[in-house]
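The block underneath contains the structure these notes are about, expressed in structure tokens.
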Amino acid sequence: FRDILPPELFDTAARQAGCQPRRQRPLIPEVVAWLMMYVGLHATSMTQGLIQAWGLVRSLCPSLSEASVSEEAFCQARGQLTLGFWRTLWNELARRYELVFGAAQRWKGKWRVLAVDGSDMDLPNAPDVVRFFGKPGAVGGNARRPQAKLIALCSVFTGFCFGFKLLTKRFTEHAAVAHLCRWLRKDDLVLMDRGFFSL
């Protein structure tokens, strides 16, 4: 992704979203974004993920100090990045990814083959998350963790995700697919399971 997302793209996304840092600091939007990607892939705690990710990100951004960033500083810097920043970055990643790998996503050189499907996912047991998503289960919702439904539209041949929607369990997958249809275009073949038959 580093070949597709150069440093200047992060600066542009932060400027457009109005979340450029006001002072010089190590945790600029580019560094925070790479740390989030690495930490998101890490299976253990955020602290351990940050320690490993810091070493990897330093290889991308040599100007960073050797001392690892604290979890608190990382969370504060992450909180300053707006949803608009991430949307700009996501849309540009999808556009640039297709420029590089577009041919690999097509069948017989013409049809872009996509699949749409949903999956339930457990969420952190934080009060705001529980309040918004709720805990599924019997009367009163007695599950141990809040859950959401993630529906994604992905390339079958490359696995790249073009669009996704995270919903509360109160909504059906059909509502999300209606939202994801805006990513479709002429000569797309979309695979769906029989749960979507009525569409």
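Chain labels run A, B, ... following the order of the structure tokens; each chain numbers its residues from 1, and ligands are numbered from 1 in the order shown.
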Quick one: contact table of stretch 48-158 of chain A to stretch 22-41 of chain A, 12 Å max, nearest atom pair and distance in Å to one decimal per residue, counting only C-alpha atoms, chain and number order, as a Markdown table?
```
| residue | atom | partner | partner_atom | distance |
| --- | --- | --- | --- | --- |
| A:Gln48 | CA | A:Val39 | CA | 8.6 |
| A:Gly49 | CA | A:Val39 | CA | 4.9 |
| A:Leu50 | CA | A:Val39 | CA | 6.2 |
| A:Ile51 | CA | A:Val39 | CA | 9.3 |
| A:Gln52 | CA | A:Tyr38 | CA | 8.4 |
| A:Ala53 | CA | A:Tyr38 | CA | 5.6 |
| A:Trp54 | CA | A:Leu35 | CA | 7.0 |
| A:Gly55 | CA | A:Leu35 | CA | 9.9 |
| A:Leu56 | CA | A:Tyr38 | CA | 8.4 |
| A:Val57 | CA | A:Trp34 | CA | 6.6 |
| A:Arg58 | CA | A:Val31 | CA | 8.8 |
| A:Ser59 | CA | A:Val31 | CA | 11.1 |
| A:Leu60 | CA | A:Val31 | CA | 8.9 |
| A:Cys61 | CA | A:Val31 | CA | 7.7 |
| A:Pro62 | CA | A:Pro26 | CA | 10.9 |
| A:Ser63 | CA | A:Pro26 | CA | 8.4 |
| A:Leu64 | CA | A:Pro26 | CA | 6.3 |
| A:Ser65 | CA | A:Pro26 | CA | 8.0 |
| A:Glu66 | CA | A:Pro26 | CA | 11.1 |
| A:Ala67 | CA | A:Pro26 | CA | 10.9 |
| A:Ser68 | CA | A:Pro26 | CA | 10.6 |
| A:Val69 | CA | A:Leu27 | CA | 8.5 |
| A:Ser70 | CA | A:Leu27 | CA | 10.7 |
| A:Glu71 | CA | A:Leu35 | CA | 11.0 |
| A:Glu72 | CA | A:Leu27 | CA | 11.8 |
| A:Ala73 | CA | A:Leu27 | CA | 8.2 |
| A:Phe74 | CA | A:Val32 | CA | 7.1 |
| A:Cys75 | CA | A:Val32 | CA | 9.2 |
| A:Gln76 | CA | A:Leu27 | CA | 9.6 |
| A:Ala77 | CA | A:Leu27 | CA | 6.5 |
| A:Arg78 | CA | A:Val32 | CA | 6.3 |
| A:Gly79 | CA | A:Val32 | CA | 10.0 |
| A:Gln80 | CA | A:Pro29 | CA | 8.9 |
| A:Leu81 | CA | A:Pro29 | CA | 7.2 |
| A:Thr82 | CA | A:Pro29 | CA | 10.4 |
| A:Phe85 | CA | A:Pro29 | CA | 9.0 |
| A:Trp86 | CA | A:Ala33 | CA | 8.8 |
| A:Leu89 | CA | A:Ala33 | CA | 9.5 |
| A:Trp90 | CA | A:Ala33 | CA | 11.1 |
```
Contacts of A:Phe164 within 8 Å, only C-alpha atoms, excl. fewer than 4 positions in-chain, as a PyMOL selection string:
chain A and resi 150-153+180
Filtered DSSP result for stretch 25-193 of chain A, state alpha helix (DSSP H), as a VMD selection string:
chain A and resid 29 to 41 46 to 60 71 to 79 83 to 101 127 to 133 173 to 180
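Comparing A:Gly118, A:Gly84, A:Gly159, A:Pro136 by their smallest distance to A:Ala17, the closest is A:Gly84 (using only C-alpha atoms).
Taking atom CA of A:Glu98 as the reference point, atom CA of A:Phe160 is found at 9.3 Å.
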Need the shell around stretch 142-147 of chain A: protein/DNA/RNA residues with any atom at most 8 Å away, counting only C-alpha atoms. Skip same-chain ones fewer than 3 positions apart. Format as a list in words?
Asp120, Met121, Asp122, Leu123, Pro124, Asn125, Val129, Val130, Phe133, Gly134, Lys135, Pro136, Gly137, Ala138, Val139, Thr168 and Lys169 of chain A
Excluding same-chain residues fewer than 6 positions from A:Val113, what lies within 9 Å of it counting only C-alpha atoms, as a VMD selection string?
chain A and resid 105 to 107 154 to 157 187 to 191
I need the strand (DSSP E or B) residues of stretch 2-184 of chain A per DSSP on the backbone, written as a PyMOL selection string.
chain A and resi 106-107+111-122+147-155+161-168
As an exercise, work out the distance from atom CA of A:Lys149 to atom CA of A:Thr88 in Å and give it to one decimal place.
23.4 Å
